[in-house]
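The file start.csv comes next; it holds CSV, C-alpha atoms.
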chain,number,residue,atom,x,y,z
A,1,MET,CA,231.1,-42.4,213.5
A,2,GLN,CA,232.3,-43.3,217.0
A,3,LEU,CA,235.8,-44.8,217.2
A,4,GLY,CA,236.8,-46.8,220.3
A,5,GLY,CA,235.0,-48.0,223.3
A,6,ALA,CA,232.5,-46.3,225.6
A,7,ALA,CA,233.7,-43.9,228.2
A,8,ASP,CA,234.2,-45.2,231.7
A,9,ILE,CA,233.9,-42.3,234.1
A,10,GLY,CA,232.4,-43.9,237.1
A,11,ASN,CA,229.6,-42.1,238.9
A,12,PRO,CA,230.4,-38.3,239.2
A,13,GLY,CA,228.5,-36.5,241.9
A,14,ASP,CA,228.4,-33.1,240.1
A,15,ILE,CA,228.6,-31.8,236.6
A,16,ALA,CA,232.2,-30.4,236.9
A,17,HIS,CA,233.5,-33.9,237.6
A,18,ALA,CA,231.4,-35.3,234.8
A,19,ILE,CA,233.0,-32.7,232.4
A,20,ARG,CA,236.5,-33.5,233.5
A,21,ALA,CA,236.2,-37.3,233.4
A,22,GLY,CA,233.9,-37.5,230.4
A,23,ALA,CA,236.0,-35.2,228.2
A,24,ALA,CA,239.1,-37.1,229.1
A,25,ALA,CA,237.5,-40.4,228.3
A,26,LEU,CA,236.0,-39.1,225.0
A,27,GLY,CA,239.1,-37.2,223.9
A,28,HIS,CA,238.7,-36.2,220.2
A,29,ARG,CA,235.9,-38.6,219.5
A,30,PRO,CA,232.6,-36.9,218.6
A,31,ALA,CA,230.3,-35.7,221.4
A,32,ILE,CA,227.8,-33.8,219.3
A,33,THR,CA,227.1,-33.9,215.5
A,34,VAL,CA,224.7,-31.3,214.1
A,35,LEU,CA,223.1,-31.9,210.7
A,36,HIS,CA,221.8,-29.0,208.6
A,37,PRO,CA,220.6,-29.1,205.1
A,38,GLY,CA,223.8,-29.7,203.2
A,39,ALA,CA,226.1,-29.3,206.2
A,40,ARG,CA,227.4,-31.4,209.0
A,41,TYR,CA,229.2,-30.0,212.1
A,42,GLU,CA,230.9,-32.1,214.7
A,43,GLN,CA,232.4,-31.3,218.1
A,44,SER,CA,234.6,-33.7,220.1
A,45,GLY,CA,234.5,-34.2,223.8
A,46,ALA,CA,237.8,-32.4,224.2
A,47,SER,CA,236.4,-29.5,222.1
A,48,MET,CA,233.3,-29.2,224.2
A,49,ALA,CA,235.3,-29.1,227.4
A,50,ASN,CA,237.5,-26.4,225.9
A,51,TRP,CA,234.4,-24.3,224.9
A,52,ALA,CA,232.9,-24.9,228.4
A,53,ALA,CA,236.2,-23.6,230.0
A,54,LYS,CA,236.3,-20.5,227.8
A,55,GLY,CA,232.6,-19.9,228.4
A,56,ALA,CA,232.9,-20.2,232.2
A,57,HIS,CA,235.6,-17.5,232.2
A,58,LEU,CA,233.4,-15.3,230.0
A,59,LEU,CA,230.4,-15.7,232.3
A,60,GLU,CA,232.5,-15.3,235.5
A,61,LEU,CA,234.7,-12.4,234.5
A,62,ASP,CA,232.6,-10.4,232.1
A,63,HIS,CA,229.1,-11.1,233.6
A,64,LEU,CA,229.8,-11.9,237.2
A,65,VAL,CA,227.9,-15.2,237.0
A,66,GLY,CA,228.5,-17.6,239.9
A,67,ALA,CA,226.7,-20.2,242.0
A,68,GLY,CA,223.0,-19.6,242.2
A,69,HIS,CA,222.9,-17.1,239.4
A,70,ARG,CA,220.4,-17.6,236.6
A,71,LEU,CA,221.2,-17.8,232.9
A,72,GLY,CA,218.5,-17.7,230.3
A,73,LEU,CA,219.1,-20.2,227.5
A,74,LEU,CA,216.6,-19.3,224.7
A,75,ALA,CA,218.2,-21.3,221.9
A,76,PRO,CA,217.5,-24.6,220.2
A,77,PRO,CA,219.8,-27.7,220.7
A,78,CYS,CA,223.2,-27.2,219.1
A,79,TRP,CA,226.9,-27.6,220.1
A,80,THR,CA,227.0,-23.9,221.1
A,81,THR,CA,223.9,-24.2,223.3
A,82,ALA,CA,225.5,-27.3,224.9
A,83,SER,CA,228.8,-25.4,225.6
A,84,VAL,CA,226.8,-22.5,227.2
A,85,ALA,CA,225.0,-24.9,229.6
A,86,LEU,CA,228.1,-26.8,230.6
A,87,ALA,CA,229.9,-23.5,231.3
A,88,ALA,CA,227.0,-22.3,233.5
A,89,TRP,CA,226.9,-25.6,235.4
A,90,TRP,CA,230.6,-25.5,236.0
A,91,LEU,CA,230.1,-22.2,237.8
A,92,GLY,CA,227.1,-23.6,239.8
A,93,ALA,CA,224.6,-21.4,237.9
A,94,VAL,CA,221.0,-22.2,237.0
A,95,VAL,CA,220.1,-22.6,233.3
A,96,ASP,CA,216.5,-21.4,232.7
A,97,LEU,CA,214.8,-22.5,229.6
A,98,ASP,CA,211.8,-20.3,230.1
A,99,GLN,CA,212.9,-16.9,231.3
A,100,PRO,CA,215.9,-14.6,230.8
A,101,GLY,CA,218.4,-14.4,233.6
A,102,GLU,CA,221.3,-12.2,234.6
A,103,VAL,CA,222.7,-13.2,231.2
A,104,THR,CA,220.6,-14.4,228.4
A,105,ILE,CA,221.8,-16.6,225.5
A,106,ARG,CA,219.6,-16.3,222.4
A,107,HIS,CA,219.7,-17.8,218.9
A,108,GLY,CA,220.8,-15.1,216.5
A,109,ASP,CA,219.6,-16.5,213.1
A,110,ALA,CA,215.9,-15.6,212.7
A,111,GLU,CA,215.9,-17.8,209.6
A,112,VAL,CA,218.4,-20.2,208.1
A,113,GLU,CA,218.3,-21.1,204.5
A,114,GLY,CA,216.6,-24.5,204.0
A,115,GLY,CA,216.0,-24.8,207.8
A,116,GLY,CA,213.0,-22.6,208.4
A,117,ARG,CA,212.5,-20.4,211.4
A,118,HIS,CA,214.0,-21.5,214.7
A,119,ASP,CA,212.5,-21.6,218.2
A,120,HIS,CA,214.0,-18.4,219.7
A,121,PRO,CA,215.2,-15.7,217.3
A,122,VAL,CA,216.7,-12.6,218.9
A,123,ALA,CA,214.0,-10.5,220.5
A,124,ALA,CA,213.5,-6.9,219.5
A,125,SER,CA,215.8,-4.5,221.4
A,126,PRO,CA,217.3,-6.8,223.9
A,127,ASP,CA,219.8,-5.4,226.5
A,128,PRO,CA,223.2,-5.7,224.7
A,129,ASP,CA,225.0,-5.8,228.1
A,130,THR,CA,223.3,-9.0,229.2
A,131,THR,CA,222.5,-10.8,225.9
A,132,LEU,CA,224.8,-13.0,223.9
A,133,VAL,CA,223.8,-14.8,220.7
A,134,THR,CA,224.6,-18.1,219.1
A,135,GLY,CA,224.2,-19.0,215.4
A,136,ASP,CA,224.4,-21.6,212.7
A,137,SER,CA,227.7,-20.7,211.1
A,138,LEU,CA,230.7,-23.1,211.3
A,139,ASP,CA,232.2,-21.1,214.2
A,140,GLY,CA,228.9,-20.8,216.1
A,141,THR,CA,228.2,-17.2,215.2
A,142,PRO,CA,225.0,-15.9,213.6
A,143,LEU,CA,224.7,-16.1,209.8
A,144,ARG,CA,223.0,-12.7,209.7
A,145,PRO,CA,224.6,-9.4,210.9
A,146,THR,CA,223.7,-8.4,214.5
A,147,ASP,CA,224.9,-5.7,216.8
A,148,LEU,CA,224.8,-8.2,219.7
A,149,PRO,CA,228.0,-10.0,220.8
A,150,ALA,CA,228.4,-13.6,219.7
A,151,TRP,CA,229.0,-16.2,222.4
A,152,THR,CA,231.8,-18.0,220.6
A,153,ARG,CA,233.6,-14.7,219.6
A,154,GLU,CA,233.4,-13.4,223.1
A,155,ALA,CA,234.7,-16.6,224.6
A,156,GLN,CA,237.4,-17.4,222.0
A,157,PRO,CA,240.2,-15.3,223.5
A,158,LEU,CA,239.7,-16.5,227.1
A,159,PRO,CA,241.8,-19.2,228.7
A,160,ASP,CA,241.4,-22.9,227.9
A,161,HIS,CA,242.0,-23.9,231.5
A,162,PRO,CA,238.7,-23.5,233.4
A,163,PRO,CA,238.2,-21.3,236.4
A,164,VAL,CA,237.7,-22.9,239.8
A,165,ALA,CA,234.6,-25.1,239.7
A,166,GLN,CA,231.7,-24.1,241.9
A,167,ALA,CA,229.5,-27.1,241.0
A,168,THR,CA,228.1,-29.4,243.7
A,169,ALA,CA,225.4,-32.1,243.5
A,170,GLU,CA,222.8,-30.2,245.5
A,171,LEU,CA,223.0,-26.9,243.7
A,172,PRO,CA,220.0,-25.9,241.5
A,173,ALA,CA,220.9,-26.4,237.9
A,174,LEU,CA,217.9,-26.3,235.6
A,175,ALA,CA,214.7,-24.3,235.8
A,176,VAL,CA,211.7,-25.2,233.6
A,177,ALA,CA,208.4,-26.0,235.2
A,178,ASP,CA,210.3,-26.8,238.4
A,179,VAL,CA,213.9,-26.5,239.6
A,180,ARG,CA,216.3,-29.5,239.4
A,181,THR,CA,219.7,-30.0,241.0
A,182,GLN,CA,222.9,-31.1,239.4
A,183,ALA,CA,222.3,-34.5,240.9
A,184,ASP,CA,218.8,-34.6,239.4
A,185,LEU,CA,220.2,-33.9,235.9
A,186,LEU,CA,222.9,-36.5,236.2
A,187,ALA,CA,220.4,-39.1,237.3
A,188,ALA,CA,217.9,-38.2,234.5
A,189,THR,CA,220.8,-38.4,231.9
A,190,ARG,CA,221.7,-41.9,233.0
A,191,GLU,CA,218.1,-42.9,232.2
A,192,LEU,CA,218.5,-41.9,228.5
A,193,GLY,CA,220.5,-45.1,227.7
A,194,THR,CA,223.7,-45.7,225.8
A,195,GLY,CA,224.6,-45.8,222.1
A,196,THR,CA,224.3,-42.9,219.6
A,197,ALA,CA,221.2,-40.8,220.3
A,198,GLY,CA,219.3,-38.5,218.1
A,199,VAL,CA,217.3,-35.4,218.8
A,200,GLU,CA,215.2,-33.2,216.5
A,201,VAL,CA,214.8,-29.5,216.9
A,202,GLY,CA,211.2,-28.6,217.5
A,203,VAL,CA,210.3,-32.3,218.1
A,204,SER,CA,212.3,-33.6,221.0
A,205,ASP,CA,211.4,-32.5,224.5
A,206,PRO,CA,213.7,-29.4,225.3
A,207,VAL,CA,214.9,-30.8,228.6
A,208,THR,CA,215.7,-34.2,227.1
A,209,ALA,CA,217.4,-32.5,224.1
A,210,LEU,CA,219.5,-30.4,226.5
A,211,LEU,CA,220.7,-33.4,228.6
A,212,ALA,CA,221.3,-35.4,225.4
A,213,THR,CA,223.6,-32.8,224.0
A,214,THR,CA,225.4,-31.9,227.2
A,215,LEU,CA,225.8,-34.6,229.8
A,216,ARG,CA,224.9,-37.8,227.9
A,217,PRO,CA,228.0,-37.9,225.7
A,218,LEU,CA,230.2,-37.3,228.8
A,219,LEU,CA,228.5,-40.1,230.8
A,220,THR,CA,228.3,-42.7,228.0
A,221,GLY,CA,231.1,-41.9,225.6
A,222,ALA,CA,228.4,-42.0,222.8
A,223,PRO,CA,227.6,-39.0,220.6
A,224,THR,CA,224.3,-37.2,220.2
A,225,VAL,CA,223.1,-36.3,216.7
A,226,VAL,CA,221.0,-33.1,216.3
A,227,LEU,CA,218.7,-32.7,213.3
A,228,ARG,CA,218.1,-29.0,212.3
A,229,GLY,CA,215.9,-28.7,209.3
A,230,VAL,CA,216.5,-32.2,208.0
A,231,GLY,CA,214.7,-35.5,208.3
A,232,ARG,CA,215.8,-38.6,210.1
A,233,ALA,CA,217.1,-40.1,206.8
A,234,ALA,CA,219.9,-37.6,206.9
A,235,ALA,CA,221.2,-39.3,210.0
A,236,ASP,CA,221.4,-42.8,208.5
A,237,PRO,CA,225.2,-42.7,208.3
A,238,GLU,CA,225.4,-41.7,211.9
A,239,ARG,CA,223.9,-45.0,213.1
A,240,VAL,CA,221.5,-43.5,215.6
A,241,SER,CA,220.3,-46.3,218.0
A,242,ALA,CA,217.6,-44.3,219.8
A,243,TRP,CA,215.6,-41.1,219.0
A,244,LEU,CA,214.9,-39.1,222.1
Structure rendered as structure tokens:
Amino acid sequence: MQLGGAADIGNPGDIAHAIRAGAAALGHRPAITVLHPGARYEQSGASMANWAAKGAHLLELDHLVGAGHRLGLLAPPCWTTASVALAAWWLGAVVDLDQPGEVTIRHGDAEVEGGGRHDHPVAASPDPDTTLVTGDSLDGTPLRPTDLPAWTREAQPLPDHPPVAQATAELPALAVADVRTQADLLAATRELGTGTAGVEVGVSDPVTALLATTLRPLLTGAPTVVLRGVGRAAADPERVSAWL
């Protein structure tokens, strides 16, 4: 449920400004709600900005990621996936949904009870020095044991205050079939409309789902609901106004 009015953050020219202004406007209202079979996880705008700050430190200090570097994001839509992308964009890095990069983020739960197999389980024998994993537990770590480091556990002890932003409008930000700049992503996000949005893992277009779970809540003040292994009826209490 969204409490209060929509965010009014103006027209940010880059993603770092969108994170700052959008998180301040959203505060502790929900940005992302993830629905699993029998479970509901929610992250506020303030919490997402906090994870993005910690994640940016992790990428910069431990993996030397900066402007122009490529980060492979091989994980389905979730609040952890969103925090990774926001951290990368804060540093001016490129998120690649098709190929691994200098650092690769993968989904660590090959199978989740009641939810079926996900899009990108951890590949066999990935490089542990450049691979971090996300998962479906409450704290964003994998449900199943893994020898690979978990994104949230690695980021947790790092500072809440973000490093110096390297984001600018013209920097490449997303690689799929082509490469899109930060300005391109902000413009595409504004076309997704206002109100509570819904995306479905394995159904929604991956680029649309990524923008809906990262930038859309910051620009509109309205949350995005993610369905993982459940049907749309599970989102009835969330009052989704548009499925993307």
When you count all atoms listed in the file, which of these residues is closest to Trp51 in chain A: A:Leu71, A:Val225, A:Ala87, A:Ile105?
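Result for the nearest residue to Trp51 in chain A: A:Ala87.
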Residue with smallest distance to Ala173 in chain A - pool A:Arg70, A:His161, A:Arg216, A:Arg106, counting only C-alpha atoms
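Of all the options, A:Arg70 lies closest to Ala173 in chain A.
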Nearby residues (all atoms listed in the file) at most 10 Å from range 126-142 of chain A, same-chain spacing under 4 positions excluded, as a PyMOL selection string
chain A and resi 34+36+39-42+62-63+71-76+78-81+84+100-112+121-122+146-154+228
note - CA of Ala24 in chain A and CA of Val240 in chain A are separated by 23.1 Å
Kindly give the distance, in Å, that separates CA of Gln43 in chain A and CA of Ala82 in chain A, rounded to a single decimal.
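Rounded to one decimal, the two atoms are 10.5 Å apart.
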Please measure the separation of CA of Leu26 in chain A and CA of Ala56 in chain A, giving the value in Å to one decimal.
20.5 Å
Name the closest residue to Ala31 in chain A among the candidates A:Gly231, A:Gly45, A:Gly193, A:Gly198; distances are taken between atoms, counting only C-alpha atoms.
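Among the listed residues, A:Gly45 lies closest to Ala31 in chain A.
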Surrounding residues of Val201 in chain A excluding itself and chain neighbours under 4 positions, 10 Å, all atoms listed in the file, as a PyMOL selection string
chain A and resi 76-78+118-119+205-206+209+226-230
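Across A:Asp96, A:Asp178, A:Glu200, A:Glu191, the tightest approach to Leu219 in chain A is made by A:Glu191 when counting all atoms listed in the file.
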Considering all atoms listed in the file, can you say which of A:Pro223, A:Ser83, A:Leu192, A:Leu158 comes closest to His28 in chain A?
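Checking each candidate against His28 in chain A, we get A:Pro223 as the closest.
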For Gln166 in chain A, list every protein, DNA or RNA residue within 12 Å, evaluated using only C-alpha atoms, and leave out those in the same chain fewer than 6 positions away; present the list as a ChimeraX atom specification.
/A:14-17,56,60,65-69,87-94,172-173,182
Residues as selected, C-alpha atoms, written as a tab-separated table (two decimals), in the coordinates of the input, can you do that?
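Listing of part.tsv after writing:
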chain	number	residue	atom	x	y	z
A	14	ASP	CA	228.40	-33.10	240.10
A	15	ILE	CA	228.60	-31.80	236.60
A	16	ALA	CA	232.20	-30.40	236.90
A	17	HIS	CA	233.50	-33.90	237.60
A	56	ALA	CA	232.90	-20.20	232.20
A	60	GLU	CA	232.50	-15.30	235.50
A	65	VAL	CA	227.90	-15.20	237.00
A	66	GLY	CA	228.50	-17.60	239.90
A	67	ALA	CA	226.70	-20.20	242.00
A	68	GLY	CA	223.00	-19.60	242.20
A	69	HIS	CA	222.90	-17.10	239.40
A	87	ALA	CA	229.90	-23.50	231.30
A	88	ALA	CA	227.00	-22.30	233.50
A	89	TRP	CA	226.90	-25.60	235.40
A	90	TRP	CA	230.60	-25.50	236.00
A	91	LEU	CA	230.10	-22.20	237.80
A	92	GLY	CA	227.10	-23.60	239.80
A	93	ALA	CA	224.60	-21.40	237.90
A	94	VAL	CA	221.00	-22.20	237.00
A	172	PRO	CA	220.00	-25.90	241.50
A	173	ALA	CA	220.90	-26.40	237.90
A	182	GLN	CA	222.90	-31.10	239.40
